[in-house]
>>> print(open('model-v7.cif').read())   # mmCIF, C-alpha atoms
data_data
#
loop_
_atom_site.label_atom_id
_atom_site.label_comp_id
_atom_site.auth_asym_id
_atom_site.auth_seq_id
_atom_site.Cartn_x
_atom_site.Cartn_y
_atom_site.Cartn_z
CA MET E 476 21.71 -12.51 16.24
CA SER E 477 23.14 -12.24 12.79
CA ALA E 478 25.95 -14.66 13.66
CA GLY E 479 24.30 -17.31 11.55
CA VAL E 480 24.38 -15.24 8.45
CA GLU E 481 27.81 -13.80 8.63
CA GLY E 482 29.50 -16.79 7.07
CA LYS E 483 30.00 -17.06 3.37
CA LEU E 484 26.86 -16.72 1.37
CA ASP E 485 26.21 -18.92 -1.59
CA VAL E 486 27.55 -17.33 -4.67
CA LEU E 487 24.83 -16.60 -7.15
CA ASP E 488 25.82 -16.60 -10.77
CA PRO E 489 25.83 -13.11 -12.32
CA GLN E 490 22.48 -13.69 -13.95
CA ASP E 491 20.78 -14.68 -10.69
CA GLN E 492 22.56 -11.85 -8.92
CA ALA E 493 21.13 -9.40 -11.42
CA ARG E 494 17.66 -10.92 -11.07
CA PHE E 495 17.88 -10.65 -7.30
CA GLU E 496 18.84 -7.02 -7.57
CA GLN E 497 16.05 -6.38 -9.99
CA LEU E 498 13.26 -8.36 -8.33
CA VAL E 499 13.96 -8.50 -4.61
CA LEU E 500 16.15 -5.59 -3.55
CA PRO E 501 13.60 -2.96 -4.64
CA HIS E 502 11.38 -4.30 -1.85
CA LEU E 503 13.89 -3.50 0.89
CA ASP E 504 11.70 -0.66 2.16
CA ALA E 505 8.76 -3.04 2.39
CA ALA E 506 10.92 -5.57 4.22
CA PHE E 507 12.11 -3.01 6.72
CA ASN E 508 8.68 -1.49 7.25
CA LEU E 509 7.12 -4.87 8.06
CA SER E 510 10.00 -5.76 10.33
CA ARG E 511 9.76 -2.41 12.10
CA TRP E 512 6.11 -2.96 12.90
CA LEU E 513 6.44 -6.59 13.96
CA MET E 514 9.53 -6.10 16.11
CA HIS E 515 9.88 -3.70 19.00
CA GLY E 516 12.57 -1.16 18.44
CA ARG E 517 14.37 -0.06 15.35
CA ALA E 518 17.64 -1.82 16.11
CA ASP E 519 15.96 -5.23 16.24
CA ALA E 520 13.95 -4.33 13.17
CA GLU E 521 17.09 -3.52 11.25
CA ASP E 522 18.82 -6.73 12.30
CA VAL E 523 15.83 -8.84 11.38
CA ALA E 524 15.35 -7.12 8.02
CA GLN E 525 19.01 -7.68 7.30
CA GLU E 526 18.86 -11.33 8.22
CA ALA E 527 15.70 -11.80 6.15
CA MET E 528 17.29 -10.16 3.14
CA LEU E 529 20.33 -12.41 3.39
CA ARG E 530 18.08 -15.43 3.74
CA ALA E 531 16.20 -14.34 0.66
CA PHE E 532 19.50 -14.06 -1.15
CA ARG E 533 20.48 -17.53 -0.05
CA PHE E 534 17.16 -19.08 -1.03
CA PHE E 535 16.78 -17.06 -4.20
CA ARG E 536 17.40 -20.01 -6.46
CA GLY E 537 14.24 -21.50 -4.99
CA PHE E 538 12.20 -18.53 -6.17
CA HIS E 539 10.59 -19.40 -9.46
CA GLY E 540 8.92 -16.18 -10.40
CA GLY E 541 5.63 -14.77 -9.19
CA ASP E 542 5.13 -12.04 -6.63
CA ALA E 543 8.65 -11.19 -5.39
CA ARG E 544 7.39 -8.77 -2.75
CA ALA E 545 5.06 -11.35 -1.20
CA TRP E 546 7.85 -13.94 -1.33
CA LEU E 547 10.25 -11.60 0.46
CA LEU E 548 7.70 -10.43 3.02
CA GLN E 549 6.93 -14.04 3.88
CA ILE E 550 10.61 -14.54 4.69
CA VAL E 551 10.65 -11.31 6.70
CA ARG E 552 7.63 -12.39 8.67
CA ASN E 553 9.05 -15.83 9.40
CA THR E 554 12.33 -14.31 10.48
CA CYS E 555 10.49 -11.90 12.80
CA TYR E 556 8.44 -14.71 14.34
CA THR E 557 11.50 -16.87 14.91
CA TRP E 558 13.17 -13.96 16.62
CA LEU E 559 10.12 -13.07 18.71
CA GLU E 560 9.67 -16.65 19.85
CA LYS E 561 13.30 -16.94 20.84
CA ASN E 562 13.63 -13.62 22.57
CA ARG E 563 10.46 -12.81 24.32
CA SER E 564 7.27 -14.37 25.46
CA VAL E 565 5.03 -12.67 23.01
CA ASP E 566 1.74 -14.29 22.26
CA LEU E 567 2.04 -15.32 18.65
CA THR E 568 -0.94 -17.61 18.71
CA THR E 569 -3.78 -15.11 18.57
CA GLU E 570 -6.58 -16.60 16.61
CA PHE E 571 -9.07 -14.49 14.79
CA ASN E 572 -12.03 -16.22 16.35
CA GLU E 573 -12.35 -14.12 19.49
CA GLU E 574 -15.85 -13.20 20.50
CA LEU E 575 -16.95 -9.92 19.09
CA HIS E 576 -17.50 -7.61 21.97
CA PRO E 577 -20.62 -5.58 21.70
CA GLN E 578 -19.45 -2.03 21.87
CA PRO E 579 -21.00 1.35 21.54
CA SER E 580 -20.68 2.37 17.94
CA VAL E 581 -17.86 4.82 17.50
CA SER E 582 -18.69 7.98 15.64
CA PRO E 583 -16.41 8.88 12.75
CA GLU E 584 -15.79 12.21 14.47
CA THR E 585 -14.45 10.60 17.66
CA LEU E 586 -12.22 8.37 15.55
CA ALA E 587 -11.01 11.28 13.47
CA ILE E 588 -9.86 13.12 16.56
CA ALA E 589 -8.17 10.04 18.06
CA GLY E 590 -6.59 9.01 14.77
CA ASP E 591 -5.27 12.46 14.06
CA ASN E 592 -2.55 12.03 16.63
CA ARG E 593 0.37 10.21 15.08
CA GLU E 594 1.87 9.14 18.39
CA ARG E 595 -1.40 7.79 19.66
CA LEU E 596 -1.95 5.91 16.44
CA THR E 597 1.55 4.44 16.61
CA ARG E 598 1.06 3.39 20.22
CA ALA E 599 -2.32 1.86 19.48
CA LEU E 600 -0.86 -0.17 16.61
CA GLU E 601 2.05 -1.30 18.74
CA GLU E 602 -0.31 -2.46 21.46
CA LEU E 603 -2.23 -4.74 19.14
CA PRO E 604 -1.42 -8.45 19.19
CA VAL E 605 1.10 -9.14 16.48
CA ARG E 606 -1.32 -11.19 14.36
CA PHE E 607 -3.69 -8.24 14.19
CA ARG E 608 -0.90 -5.77 13.64
CA GLU E 609 0.59 -7.61 10.71
CA VAL E 610 -2.59 -7.76 8.65
CA LEU E 611 -3.19 -4.06 9.25
CA ILE E 612 0.36 -3.12 8.26
CA LEU E 613 0.24 -5.29 5.15
CA ARG E 614 -3.10 -3.89 4.07
CA GLU E 615 -2.95 -0.26 5.15
CA LEU E 616 0.71 0.58 4.71
CA GLU E 617 1.91 -1.93 2.17
CA GLY E 618 -1.32 -2.02 0.15
CA CYS E 619 -1.27 -5.81 -0.18
CA SER E 620 -4.22 -7.62 -1.70
CA TYR E 621 -6.05 -10.26 0.33
CA LYS E 622 -4.34 -12.91 -1.78
CA GLU E 623 -0.92 -11.51 -0.92
CA ILE E 624 -1.80 -11.19 2.76
CA ALA E 625 -2.94 -14.82 2.78
CA ALA E 626 0.35 -15.91 1.21
CA ILE E 627 2.52 -13.83 3.52
CA THR E 628 0.78 -14.68 6.80
CA SER E 629 -0.11 -18.28 5.98
CA VAL E 630 -3.82 -17.88 6.63
CA PRO E 631 -6.49 -19.13 4.24
CA ILE E 632 -7.55 -16.40 1.85
CA GLY E 633 -11.13 -16.79 3.08
CA THR E 634 -10.20 -15.57 6.56
CA VAL E 635 -8.21 -12.48 5.58
CA MET E 636 -11.34 -10.34 5.47
CA SER E 637 -12.48 -11.29 8.95
CA ALA E 638 -8.95 -11.01 10.27
CA LEU E 639 -8.83 -7.44 9.00
CA ALA E 640 -12.29 -6.73 10.37
CA ARG E 641 -11.25 -7.86 13.83
CA ALA E 642 -7.93 -6.07 13.66
CA ARG E 643 -9.62 -2.83 12.68
CA GLN E 644 -12.26 -3.21 15.35
CA ARG E 645 -9.50 -3.76 17.91
CA LEU E 646 -7.54 -0.75 16.71
CA GLN E 647 -10.65 1.37 16.81
CA ARG E 648 -11.35 0.24 20.36
CA VAL E 649 -7.81 0.93 21.59
CA LEU E 650 -7.81 4.32 19.88
CA THR E 651 -11.03 5.55 21.37
CA GLN E 652 -10.53 4.26 24.90
CA PRO E 653 -9.04 6.37 27.65
CA PRO E 654 -5.41 5.43 28.44
CA VAL E 655 -6.10 3.20 31.49
CA GLN E 656 -8.58 1.02 29.69
CA GLN E 657 -6.25 0.99 26.74
CA LYS E 658 -3.67 -0.74 28.86
CA GLN E 659 -6.17 -3.36 29.98
CA ALA E 660 -7.26 -3.96 26.44
CA ALA E 661 -3.67 -4.56 25.48
CA GLU E 662 -3.14 -6.94 28.37
CA THR E 663 -6.19 -9.03 27.61
CA GLY E 664 -5.48 -8.68 23.93
CA GLY E 665 -4.83 -11.70 21.83
CA ARG E 666 -6.37 -14.25 24.13
CA PRO E 667 -9.51 -15.65 22.67
CA MET B 823 -23.79 -3.55 16.86
CA THR B 824 -26.28 -5.84 15.27
CA CYS B 825 -25.57 -5.93 11.56
CA GLU B 826 -23.03 -8.65 10.96
CA LEU B 827 -22.00 -7.21 7.63
CA THR B 828 -20.08 -4.47 9.47
CA GLN B 829 -17.69 -7.20 10.57
CA THR B 830 -17.38 -8.97 7.26
CA VAL B 831 -18.39 -7.75 3.83
CA LEU B 832 -17.91 -4.09 4.70
CA HIS B 833 -14.17 -4.66 4.90
CA GLY B 834 -13.99 -6.47 1.60
CA TYR B 835 -15.90 -3.54 0.16
CA ILE B 836 -13.53 -0.92 1.59
CA ASP B 837 -10.54 -2.89 0.36
CA GLY B 838 -11.94 -3.29 -3.15
CA GLU B 839 -11.88 -7.07 -2.78
CA LEU B 840 -15.51 -7.85 -3.54
CA ASP B 841 -16.51 -8.89 -7.01
CA ALA B 842 -18.86 -6.52 -8.83
CA ALA B 843 -22.01 -8.44 -7.89
CA ARG B 844 -21.22 -8.60 -4.19
CA ALA B 845 -20.17 -4.94 -4.15
CA ALA B 846 -23.46 -3.97 -5.76
CA ASP B 847 -25.36 -6.09 -3.21
CA PHE B 848 -23.58 -4.33 -0.40
CA GLU B 849 -24.29 -0.92 -1.90
CA ARG B 850 -27.97 -1.81 -1.99
CA HIS B 851 -27.71 -2.91 1.64
CA LEU B 852 -26.17 0.44 2.55
CA ILE B 853 -29.32 2.24 1.49
CA SER B 854 -31.26 0.61 4.30
CA CYS B 855 -28.61 0.06 6.97
CA ALA B 856 -27.60 3.15 8.93
CA GLU B 857 -25.26 1.08 11.06
CA CYS B 858 -23.19 0.02 8.06
CA VAL B 859 -23.10 3.58 6.77
CA THR B 860 -21.70 4.81 10.10
CA ALA B 861 -19.25 1.92 10.26
CA LEU B 862 -18.14 2.57 6.69
CA GLU B 863 -17.55 6.21 7.48
CA ALA B 864 -15.63 5.29 10.62
CA GLN B 865 -13.45 2.84 8.73
CA GLU B 866 -12.73 5.33 6.00
CA THR B 867 -11.77 7.89 8.62
CA LEU B 868 -9.43 5.37 10.21
CA HIS B 869 -7.95 4.53 6.82
CA SER B 870 -7.34 8.21 6.06
CA SER B 871 -5.77 8.79 9.47
CA ILE B 872 -3.37 5.89 8.98
CA GLN B 873 -2.43 7.09 5.51
CA ARG B 874 -2.03 10.65 6.67
CA ALA B 875 0.11 9.82 9.69
CA GLY B 876 3.07 8.80 7.54
CA LEU B 877 3.65 5.57 9.46
CA TYR B 878 5.53 3.84 6.67
CA GLU B 879 9.18 3.49 7.64
CA ARG B 880 11.77 3.16 4.94
CA ALA B 881 14.94 1.15 5.22
CA PRO B 882 17.64 3.27 6.87
CA ALA B 883 20.85 4.00 4.98
CA SER B 884 22.85 1.94 7.49
CA LEU B 885 20.88 -1.18 6.50
CA ARG B 886 21.42 -0.54 2.82
CA GLN B 887 25.12 -0.16 3.40
CA LYS B 888 25.40 -3.35 5.43
CA LEU B 889 23.57 -5.33 2.80
CA GLN B 890 25.59 -3.86 0.03
CA THR B 891 28.77 -4.88 1.76
CA GLN B 892 27.54 -8.35 2.60
CA LEU B 893 25.99 -9.17 -0.72
CA GLY B 894 28.77 -7.43 -2.58
CA THR B 895 31.71 -9.05 -0.83
CA THR B 896 30.28 -12.51 -1.04
CA THR B 897 29.45 -12.39 -4.68
CA ARG B 898 32.86 -11.39 -6.00
CA SER B 899 31.43 -9.54 -8.95
CA SER B 900 31.49 -5.85 -8.33
CA VAL B 901 28.01 -5.02 -7.20
CA THR B 902 26.80 -1.62 -8.10
CA PRO B 903 25.24 0.28 -5.24
CA ILE B 904 21.78 -0.92 -4.42
CA ARG B 905 20.27 2.44 -5.04
CA ASN B 906 21.40 2.51 -8.62
CA SER B 907 21.15 -1.13 -9.52
CA ALA B 908 17.46 -1.61 -9.98
CA PRO B 909 15.68 0.12 -12.84
CA TRP B 910 12.42 -0.85 -11.18
CA ARG B 911 13.30 1.27 -8.21
CA LEU B 912 14.10 4.26 -10.36
CA LEU B 913 10.75 3.86 -12.00
CA ALA B 914 9.06 3.71 -8.62
CA ILE B 915 10.79 6.93 -7.69
CA ALA B 916 9.83 8.47 -11.02
CA ALA B 917 6.22 7.54 -10.46
CA THR B 918 6.32 8.96 -6.97
CA LEU B 919 7.78 12.15 -8.27
CA LEU B 920 5.16 12.26 -10.93
CA LEU B 921 2.51 12.00 -8.27
CA ALA B 922 4.33 14.48 -6.10
CA VAL B 923 4.93 16.99 -8.82
CA SER B 924 1.45 16.83 -10.23
CA LEU B 925 -0.31 16.98 -6.90
CA GLY B 926 2.27 18.41 -4.55
CA TRP B 927 3.47 21.18 -6.79
CA ARG B 928 0.08 22.68 -7.00
CA LEU B 929 -1.00 22.07 -3.44
CA PHE B 930 2.24 22.20 -1.50
CA PRO B 931 4.51 25.00 -2.62
CA ALA B 932 6.64 24.25 0.48
CA LEU B 933 7.60 20.91 -1.02
CA ARG B 934 9.57 22.48 -3.80
CA GLY B 935 12.48 23.08 -1.48
CA SER B 936 12.97 19.68 0.10
CA PRO B 937 11.80 16.66 -1.85
CA SER B 938 13.31 14.08 0.46
CA GLY B 939 12.64 11.83 3.40
CA THR B 940 9.52 10.34 4.84
CA ASP B 941 7.96 13.74 5.33
CA PHE B 942 7.95 14.04 1.60
CA ALA B 943 6.38 10.61 1.18
CA SER B 944 3.62 11.33 3.64
CA ALA B 945 3.04 14.71 2.03
CA ILE B 946 2.48 12.93 -1.28
CA VAL B 947 -0.11 10.69 0.27
CA ASP B 948 -1.62 13.69 1.94
CA ALA B 949 -1.73 15.52 -1.39
CA HIS B 950 -3.27 12.49 -3.02
CA LEU B 951 -5.95 12.37 -0.35
CA ARG B 952 -6.56 16.07 -0.76
CA SER B 953 -6.97 15.69 -4.48
CA LEU B 954 -9.83 13.35 -3.65
CA GLN B 955 -11.65 16.02 -1.67
CA PRO B 956 -14.69 17.52 -3.36
CA GLY B 957 -13.72 20.22 -5.81
CA HIS B 958 -10.08 19.22 -6.16
CA LEU B 959 -10.44 16.26 -8.41
CA GLU B 960 -11.90 17.39 -11.69
CA ASP B 961 -11.83 20.62 -13.67
CA VAL B 962 -14.48 19.20 -15.92
CA GLN B 963 -16.94 16.96 -14.19
CA SER B 964 -18.81 14.76 -16.60
CA THR B 965 -19.41 11.10 -17.18
CA ASP B 966 -19.82 11.83 -20.88
CA GLN B 967 -16.67 11.27 -22.91
CA HIS B 968 -18.06 13.61 -25.57
CA THR B 969 -18.03 16.41 -23.01
CA VAL B 970 -14.67 15.61 -21.49
CA LYS B 971 -12.77 15.17 -24.75
CA PRO B 972 -13.64 18.57 -26.30
CA TRP B 973 -12.93 20.20 -22.96
CA PHE B 974 -9.24 19.30 -23.38
CA ASP B 975 -9.15 20.83 -26.88
CA GLY B 976 -7.31 24.10 -26.92
CA LYS B 977 -5.94 23.52 -23.44
CA LEU B 978 -3.33 20.97 -24.52
CA ASP B 979 -1.05 20.48 -27.51
CA PHE B 980 -2.10 16.85 -27.74
CA ALA B 981 -5.39 14.96 -27.66
CA PRO B 982 -5.62 12.45 -24.83
CA PRO B 983 -7.71 9.37 -25.56
CA VAL B 984 -10.95 9.75 -23.60
CA HIS B 985 -13.20 6.74 -23.17
CA ASP B 986 -15.90 5.86 -20.71
CA PHE B 987 -15.76 2.29 -19.39
CA VAL B 988 -18.97 2.35 -17.39
CA ASN B 989 -20.02 -1.06 -18.67
CA GLU B 990 -16.70 -2.52 -17.64
CA GLY B 991 -16.94 -1.13 -14.12
CA PHE B 992 -14.80 1.99 -14.58
CA PRO B 993 -17.20 4.90 -15.11
CA LEU B 994 -15.51 8.09 -16.27
CA GLN B 995 -15.83 10.86 -13.67
CA GLY B 996 -14.20 13.74 -15.45
CA GLY B 997 -10.84 15.24 -16.27
CA ARG B 998 -8.44 17.94 -15.23
CA LEU B 999 -5.15 19.53 -16.20
CA ASP B 1000 -2.06 19.04 -14.12
CA VAL B 1001 1.60 19.94 -14.33
CA VAL B 1002 4.21 17.19 -14.52
CA ARG B 1003 7.91 17.96 -14.91
CA GLY B 1004 7.06 21.47 -15.95
CA ARG B 1005 4.65 20.52 -18.68
CA THR B 1006 0.91 20.35 -18.73
CA VAL B 1007 -0.63 16.89 -18.78
CA ALA B 1008 -4.14 15.54 -18.95
CA VAL B 1009 -5.62 13.62 -16.05
CA LEU B 1010 -8.61 11.36 -16.53
CA VAL B 1011 -10.53 10.38 -13.43
CA TYR B 1012 -12.27 7.03 -13.26
CA ALA B 1013 -14.28 5.47 -10.46
CA ARG B 1014 -13.87 1.90 -9.35
CA ARG B 1015 -16.65 1.09 -6.91
CA LYS B 1016 -16.05 3.58 -4.08
CA HIS B 1017 -12.48 4.27 -5.15
CA LEU B 1018 -11.02 6.72 -7.64
CA VAL B 1019 -8.29 6.24 -10.18
CA ASN B 1020 -6.22 9.08 -11.61
CA VAL B 1021 -4.83 8.40 -15.08
CA PHE B 1022 -2.07 10.81 -16.09
CA VAL B 1023 -1.54 11.15 -19.85
CA TRP B 1024 1.19 12.94 -21.76
CA PRO B 1025 2.76 12.58 -25.19
CA THR B 1026 6.05 10.77 -25.69
CA THR B 1027 8.40 10.05 -28.57
CA GLU B 1028 9.54 6.79 -26.97
CA PRO B 1029 8.41 3.48 -28.46
CA ASP B 1030 5.49 1.50 -27.03
CA SER B 1031 6.25 -0.42 -23.85
CA GLU B 1032 4.94 -3.21 -21.70
CA PRO B 1033 3.21 -2.05 -18.51
CA LEU B 1034 5.28 -1.59 -15.38
CA SER B 1035 3.60 -1.53 -12.02
CA GLY B 1036 4.42 -1.04 -8.39
CA SER B 1037 3.25 0.20 -5.03
CA GLN B 1038 4.17 3.09 -2.89
CA LEU B 1039 2.79 3.66 0.57
CA GLY B 1040 -0.27 1.62 -0.11
CA TYR B 1041 -1.00 3.21 -3.45
CA HIS B 1042 -0.57 1.25 -6.63
CA TRP B 1043 0.49 2.50 -10.01
CA ILE B 1044 0.84 1.09 -13.47
CA THR B 1045 2.50 2.88 -16.34
CA TRP B 1046 2.93 2.16 -20.04
CA ARG B 1047 3.45 3.79 -23.43
CA LYS B 1048 1.27 3.29 -26.44
CA SER B 1049 0.90 5.10 -29.72
CA GLY B 1050 2.92 8.12 -28.67
CA MET B 1051 1.17 8.50 -25.32
CA GLU B 1052 2.57 7.71 -21.91
CA MET B 1053 0.04 6.86 -19.25
CA CYS B 1054 0.24 6.26 -15.54
CA ALA B 1055 -2.75 5.10 -13.50
CA VAL B 1056 -2.56 5.64 -9.73
CA SER B 1057 -5.04 4.50 -7.11
CA ASP B 1058 -5.64 2.60 -3.91
CA VAL B 1059 -7.66 -0.05 -5.74
CA SER B 1060 -6.07 -3.48 -6.08
CA PRO B 1061 -3.28 -4.02 -8.63
CA GLU B 1062 -5.64 -6.41 -10.43
CA ASP B 1063 -8.19 -3.62 -10.87
CA LEU B 1064 -5.51 -1.31 -12.23
CA ALA B 1065 -4.34 -4.02 -14.63
CA GLU B 1066 -7.92 -4.33 -15.83
CA LEU B 1067 -8.14 -0.59 -16.49
CA HIS B 1068 -4.79 -0.72 -18.29
CA HIS B 1069 -6.20 -3.48 -20.47
CA LEU B 1070 -9.26 -1.35 -21.30
CA LEU B 1071 -7.17 1.70 -22.10
CA MET B 1072 -4.98 -0.36 -24.41
CA GLN B 1073 -7.91 -1.37 -26.58
#
>>> encode(input="model-v7.cif", output="structure tokens")
Amino acid sequence: MSAGVEGKLDVLDPQDQARFEQLVLPHLDAAFNLSRWLMHGRADAEDVAQEAMLRAFRFFRGFHGGDARAWLLQIVRNTCYTWLEKNRSVDLTTEFNEELHPQPSVSPETLAIAGDNRERLTRALEELPVRFREVLILRELEGCSYKEIAAITSVPIGTVMSALARARQRLQRVLTQPPVQQKQAAETGGRP
Amino acid sequence: MTCELTQTVLHGYIDGELDAARAADFERHLISCAECVTALEAQETLHSSIQRAGLYERAPASLRQKLQTQLGTTTRSSVTPIRNSAPWRLLAIAATLLLAVSLGWRLFPALRGSPSGTDFASAIVDAHLRSLQPGHLEDVQSTDQHTVKPWFDGKLDFAPPVHDFVNEGFPLQGGRLDVVRGRTVAVLVYARRKHLVNVFVWPTTEPDSEPLSGSQLGYHWITWRKSGMEMCAVSDVSPEDLAELHHLLMQ
């Protein structure tokens, strides 16, 4: 998949090269982490993060200051989506306007027990539709502000809060359901 | 589920994204809405679980190497290794270590042997979370700067600046001593809505500096030097909130 980026890269002048190293490269961990959670499998995640980083390098002259991490993560996300669209029929169109399902309120204790299992938590996150997953990863792992999440995921800033609310509700539901229902939830997931 | 705020404002509140007026409104609402209190507790549990699980995955060495080769070979100039090329990154690591040493050293003797890898990173977060448990946060618990300041006297060979910013939305919660790089430092604890901010303070002979900030595993930090003091504020509040506290501490 990285065939397109293996050709010669534009040569940045030393000053731009230094700026790239100073502003963008420090966010390589963030780039990989997002890619890892959007893609399935570490190998794909690594390829996509690599491609995104090279794209960022190529487009760096178009970066005129501001939040370098958000700028890079936007490129990572777009690269992931392009890859996902091309390679598998993943539903990328989840909207955040699904009906809220009335559900028994989950006690913090039940959640604590379910959430205490790293594997279960990982599985639950992986089962979420990608649109839900990305806002959770950006907020909970990357610590992005709503403004940054809006910029990275191309949603209006006004809907970030409800997107997170729905994503968290979904995660909570998947986490506290028995395995069989979990599977169903994942299958019906993402279709409003 | 009947209260619609559990699906909206509650999340902005948890994430520190509400302005002061809306946050105060929501806090008033909490007094009378048991549903929101339960939901808030559940969400905070979920947040802690996610933080504790160490789910953040760092870029593998193989990726760093590939990029180094590709960016290096195509740019002709000899590119220094990625790991050493960015002062920002070193600072991020320094801040992490600072967090780790000050919290981990005391709480996790096992860490002393192997400060590497994601286990280490998640242990830091874990230690940070533990420091927020009741009883771990402050040695002197007082919202009165005139109580906190004298408390440090005689315990340190420097006098940390202690100010309460309650009117600016950062009420002082107290202070404690910690150990950073083998020396004792002061830690001031401030609240920001439902969140807490640790401000580490130690003397320096370096000149004043502009603030540097960054994020690590969902926690933000901002560090600067002023008038012979080096300070580093760490919290899960938004970077904007930290910048505001930095501004107040600079005054």
>>> closest_residue(input="model-v7.cif", among="B:Ser1037, B:Thr1006, B:Ser1057, B:Ser1049", to="chain E", atoms="all atoms listed in the file")
B:Ser1037
>>> resolve_selection(input="model-v7.cif", expression="the PyMOL selection byres ((chain E and resi 514) around 9)", output="list in words")
Leu509, Ser510, Arg511, Trp512, Leu513, His515, Gly516, Arg517, Asp519, Ala520, Val523, Cys555, Tyr556, Trp558, Leu559 and Val605 of chain E
>>> atom_distance(input="model-v7.cif", atom1="CA of Leu852 (chain B)", atom2="CA of Arg1015 (chain B)")
13.4 Å
>>> closest_residue(input="model-v7.cif", among="B:Ala843, B:Cys855, B:Ala875, B:Val1009", to="chain E", atoms="all atoms listed in the file")
B:Ala875
>>> closest_residue(input="model-v7.cif", among="E:Glu617, E:Glu584, E:Glu623, E:Glu560", to="chain B", atoms="all atoms listed in the file")
E:Glu617
>>> atom_distance(input="model-v7.cif", atom1="CA of Glu863 (chain B)", atom2="CA of Ile1044 (chain B)")
28.3 Å
>>> atom_distance(input="model-v7.cif", atom1="CA of Pro993 (chain B)", atom2="CA of Arg1014 (chain B)")
7.3 Å
>>> resolve_selection(input="model-v7.cif", expression="the PyMOL selection byres ((chain B and resi 1019-1033) around 6)", output="number ranges by chain")
B: 1007-1012, 1018, 1034, 1045-1048, 1050-1057
>>> closest_residue(input="model-v7.cif", among="B:Glu1066, B:Asp1058, B:Asp975, B:Asp847", to="chain E", atoms="all atoms listed in the file")
B:Asp1058
>>> resolve_selection(input="model-v7.cif", expression="the PyMOL selection byres ((chain B and resi 963-974) around 6)", output="list in words")
Glu960, Val962, Asp975, Lys977, Val984, His985, Asp986, Leu994, Gln995 and Gly996 of chain B
>>> residues_around(input="model-v7.cif", residues="Pro1061 (chain B)", least_positions_apart="6", cutoff="8 Å", atoms="all atoms listed in the file", output="VMD selection string")
(chain E and resid 620) or (chain B and resid 1042 to 1043)
>>> write_last_selection(input="model-v7.cif", atoms="C-alpha atoms", output="PDB file, in the coordinates of the input")
ATOM      1  CA  SER E 620      -4.220  -7.620  -1.700  1.00  0.00           C
TER       2      SER E 620
ATOM      3  CA  HIS B1042      -0.570   1.250  -6.630  1.00  0.00           C
ATOM      4  CA  TRP B1043       0.490   2.500 -10.010  1.00  0.00           C
TER       5      TRP B1043
END
>>> closest_residue(input="model-v7.cif", among="B:His1069, B:His851, B:Arg880, B:Arg874", to="chain E", atoms="all atoms listed in the file")
B:Arg880
>>> closest_residue(input="model-v7.cif", among="B:Lys1016, B:Arg998, B:His869, B:His1068", to="chain E", atoms="all atoms listed in the file")
B:His869
>>> residues_near_point(input="model-v7.cif", point="(1.8, -13.4, 0.9)", cutoff="7 Å", atoms="only C-alpha atoms", output="JSON, numbers by chain")
{"E": [545, 546, 548, 549, 622, 623, 624, 625, 626, 627, 628]}
>>> axis_aligned_box(input="model-v7.cif", around="region 593-596 of chain E", padding_each_side="6 Å", output="JSON")
{"center_x": 0.0, "center_y": 8.1, "center_z": 17.4, "size_x": 15.8, "size_y": 16.3, "size_z": 16.6}
>>> residues_around(input="model-v7.cif", residues="Phe535 (chain E)", least_positions_apart="5", cutoff="10 Å", atoms="only C-alpha atoms", output="PDB file with C-alpha atoms, in the frame of the given file")
ATOM      1  CA  ASP E 485      26.210 -18.920  -1.590  1.00  0.00           C
ATOM      2  CA  LEU E 487      24.830 -16.600  -7.150  1.00  0.00           C
ATOM      3  CA  ASP E 491      20.780 -14.680 -10.690  1.00  0.00           C
ATOM      4  CA  GLN E 492      22.560 -11.850  -8.920  1.00  0.00           C
ATOM      5  CA  ARG E 494      17.660 -10.920 -11.070  1.00  0.00           C
ATOM      6  CA  PHE E 495      17.880 -10.650  -7.300  1.00  0.00           C
ATOM      7  CA  VAL E 499      13.960  -8.500  -4.610  1.00  0.00           C
ATOM      8  CA  LEU E 529      20.330 -12.410   3.390  1.00  0.00           C
ATOM      9  CA  ARG E 530      18.080 -15.430   3.740  1.00  0.00           C
ATOM     10  CA  TRP E 546       7.850 -13.940  -1.330  1.00  0.00           C
ATOM     11  CA  LEU E 547      10.250 -11.600   0.460  1.00  0.00           C
TER      12      LEU E 547
END
>>> residues_around(input="model-v7.cif", residues="Gly1040 (chain B)", least_positions_apart="3", cutoff="10 Å", atoms="all atoms listed in the file", output="ChimeraX atom specification")
/E:612-619 /B:873,878,947,1036-1037,1043,1057-1060
